[in-house]
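Trainee: For reference, the structure I am asking about is given below.
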There are 2 protein chains.
Amino acid sequence: MTYSILPENQVNRLRNRAKYDYETVHGIVAATPVLHVSFCSGDEDAAPTILPMIGALGTFPETLLEESSEVPDLYLHGSTSARLLKERGKEVKVCVAATKVDGYVLALTPFHHSYNFRSAILHGSAEVVKDEQERLFAMELITDKVVPGQWRVTRTPPTKVELQSTQILRVRINTASAKVRWGTPNADRRDLKDSDLIQRCWSGVVPMWETYGEPVSGPDNQAPIPQHVVGFVSQANAANESVAYTAAQPQ
Amino acid sequence: MTYSILPENQVNRLRNRAKYDYETVHGIVAATPVLHVSFCSGDEDAAPTILPMIGALGTFPETLLEESSEVPDLYLHGSTSARLLKERGKEVKVCVAATKVDGYVLALTPFHHSYNFRSAILHGSAEVVKDEQERLFAMELITDKVVPGQWRVTRTPPTKVELQSTQILRVRINTASAKVRWGTPNADRRDLKDSDLIQRCWSGVVPMWETYGEPVSGPDNQAPIPQHVVGFVSQANAANESVAYTAAQPQ
């Protein structure tokens, strides 16, 4: 399944790096701890706004997830006073970016320097979720995106005050695209024949990934560090490191 | 030195997390490998656009840097065909976000879950740099931001074709702000008195940082891995890890 290519999401530069399939786009969103959500005020002279937000893809009611042709929605966690919601009416057009850096590509010339990266851009319309069941579904989805299994060990359901101070946005995805650059440095044939340069200037990839450290108990904590957190740290570290080293290989 | 507080950059939520001083704002930009740059098409019904870009703060000519009251410019690396430049005229209003996640804050309730993070938002106007000396200044600035010392070991100056395919944008910063959340989980007094909950549910911080791996030589490489790259990897890893563990302590 792929997103349709429309003027908003068509990748114009380096088209061989473009991907439109659900698996790539949704995988990048799932792997990115902070999404950047941008919207315009509608005033041509005004600067746009970007908010860093936590979000997760999902479909409510959950049974719909079984239809693989379905585009999921993006649920974003906000607060009742967040600017995005305050300034605008019912529906806000948004652009959402999810970006992962997988390594620094160091080449013989500044021009061929690059990053190994995965980047997804979603275009859609954001709306405040009102339905209480859908809101709870989204809160659990977003909490468990951060560390899977967190929701069920915490004190739930949220109190009335907690619910009132939590805003959930649903972004209906209109279209989306991804760009992926993996591999080794590019070089000009002429530079490769410059024996002085090639013996002096190292070219290769410095892999890069997000690492999680040893969990640090808070001052109020009285519980042991749970298995689902320990497991998350070791699994995420191994998976992230493996992706970065894979990206550094010739593709 | 601090940025003036204007309607665009005033932090409205959780004001105790807001920072407007140059040191905090510029430090976050310097530490962030990918900046998210957003702009509007000017059409109220159009979706905004976000581009992930590499950028660095600097002042040209460099002598100006000595005046500490000076706001630096933000230089962004693009390509001559990048959408931001293609679609608009001389000057484009942009919003630029730099976001670092320093840890996951796991609390007794979903509501008190959070991230330790540092986030900077810049508002300004982007323009294509035409002056060749300023362009070269910015290319060196951006290349050396990624791994300090890279520019001088590579084949420079860029060829005519390389220069023609590289676009440099200068963002004159109008105003900026930062938000920082560091520390341990918050909790409600009532939950802390729930002995079943407090013995079952761990609360604390999972520190998180960007790690660099062993440099992987490319297929064309004939040079040893240089000291400035080895040094960068070990220094960046130690510094990033230290920040994440510091953020996990009570502040």
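The way I read the labels, and the way they are meant: chains A, B, ... in the order of the structure tokens, residue 1 as the first residue of every chain, and ligand 1 as the first ligand shown, with later ones counted on from there.
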Output as a ChimeraX atom specification all residues of segment 23-244 of chain A that backbone DSSP marks as strand (DSSP E).
Mentor: /A:35-39,49-58,73-79,91-106,114-128,166-181,204-212,216-217
Trainee: List as CSV every residue of segment 151-236 of chain A that is in contact with segment 90-101 of chain B, defined as an atom at most 12 Å from one of its atoms (using only C-alpha atoms), together with the nearest atom pair and the distance in Å rounded to one decimal, sorted by chain and then rising number.
Mentor:
```
residue,atom,partner,partner_atom,distance
A:Glu210,CA,B:Val101,CA,9.5
A:Thr211,CA,B:Val101,CA,10.9
A:Tyr212,CA,B:Val101,CA,10.8
```
Trainee: Restrict the calculation to only C-alpha atoms, then for each residue of chain A with any atom at most 6 Å from an atom of chain B give the closest atom pair and their distance in Å to one decimal, rows by chain and rising residue number, as CSV.
Mentor:
```
residue,atom,partner,partner_atom,distance
A:Phe39,CA,B:Pro48,CA,5.6
A:Cys40,CA,B:Cys40,CA,6.0
A:Gly42,CA,B:Glu44,CA,4.3
A:Glu44,CA,B:Gly42,CA,4.3
A:Ala47,CA,B:Lys93,CA,5.3
A:Pro48,CA,B:Phe39,CA,5.6
A:Thr49,CA,B:Cys95,CA,5.9
A:Lys93,CA,B:Ala47,CA,5.3
A:Val94,CA,B:Ala47,CA,5.8
A:Cys95,CA,B:Pro48,CA,5.8
A:Leu108,CA,B:Thr154,CA,5.3
A:Thr109,CA,B:Arg155,CA,5.0
A:Val153,CA,B:Cys201,CA,5.8
A:Thr154,CA,B:Thr109,CA,5.1
A:Arg155,CA,B:Thr109,CA,5.0
A:Thr184,CA,B:Gly218,CA,5.6
A:Ile198,CA,B:Gln222,CA,6.0
A:Gln199,CA,B:Ala223,CA,4.7
A:Arg200,CA,B:Ala223,CA,5.8
A:Cys201,CA,B:Val153,CA,5.8
A:Trp202,CA,B:Ala223,CA,4.9
A:Ser203,CA,B:Asn221,CA,5.4
A:Gly204,CA,B:Gly218,CA,4.2
A:Val205,CA,B:Val216,CA,5.2
A:Val206,CA,B:Pro215,CA,4.4
A:Pro207,CA,B:Gly213,CA,5.1
A:Met208,CA,B:Tyr212,CA,4.5
A:Trp209,CA,B:Thr211,CA,5.5
A:Glu210,CA,B:Glu210,CA,4.6
A:Thr211,CA,B:Trp209,CA,5.5
A:Tyr212,CA,B:Met208,CA,4.4
A:Gly213,CA,B:Pro207,CA,5.1
A:Pro215,CA,B:Val206,CA,4.4
A:Val216,CA,B:Val205,CA,5.2
A:Ser217,CA,B:Gly204,CA,4.2
A:Gly218,CA,B:Gly204,CA,4.2
A:Asn221,CA,B:Ser203,CA,5.4
A:Gln222,CA,B:Gln199,CA,5.4
A:Ala223,CA,B:Gln199,CA,4.7
A:Ile225,CA,B:Trp202,CA,5.9
```
Trainee: Could you name the residues that touch Leu76 of chain A at 7 Å or less, counting only C-alpha atoms, but leaving out those on the same chain fewer than 6 positions away, as a PyMOL selection string?
Mentor: chain A and resi 53-56+168-170
Trainee: Got a sec: who's within 10 Å of Ser4 of chain B, counting only C-alpha atoms, leaving out chain neighbours fewer than 5 positions off, as JSON, numbers by chain?
Mentor: {"B": [9, 10, 20, 21, 174, 175, 176, 177]}
Trainee: Using C-alpha atoms, can you export the residues from the last selection as a short mmCIF file (atom, residue, chain, number, x, y, z; two decimals), in the first residue's frame?
Mentor:
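Saved to again-v7.cif:
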```cif
data_model
loop_
_atom_site.label_atom_id
_atom_site.label_comp_id
_atom_site.auth_asym_id
_atom_site.auth_seq_id
_atom_site.Cartn_x
_atom_site.Cartn_y
_atom_site.Cartn_z
CA ASN B 9 8.00 33.70 20.95
CA GLN B 10 6.27 34.08 24.31
CA TYR B 20 15.10 33.44 26.37
CA ASP B 21 18.86 33.82 26.92
CA ASN B 174 13.88 38.11 14.67
CA THR B 175 13.14 36.44 17.97
CA ALA B 176 13.60 33.10 19.69
CA SER B 177 12.78 31.09 22.77
#
```
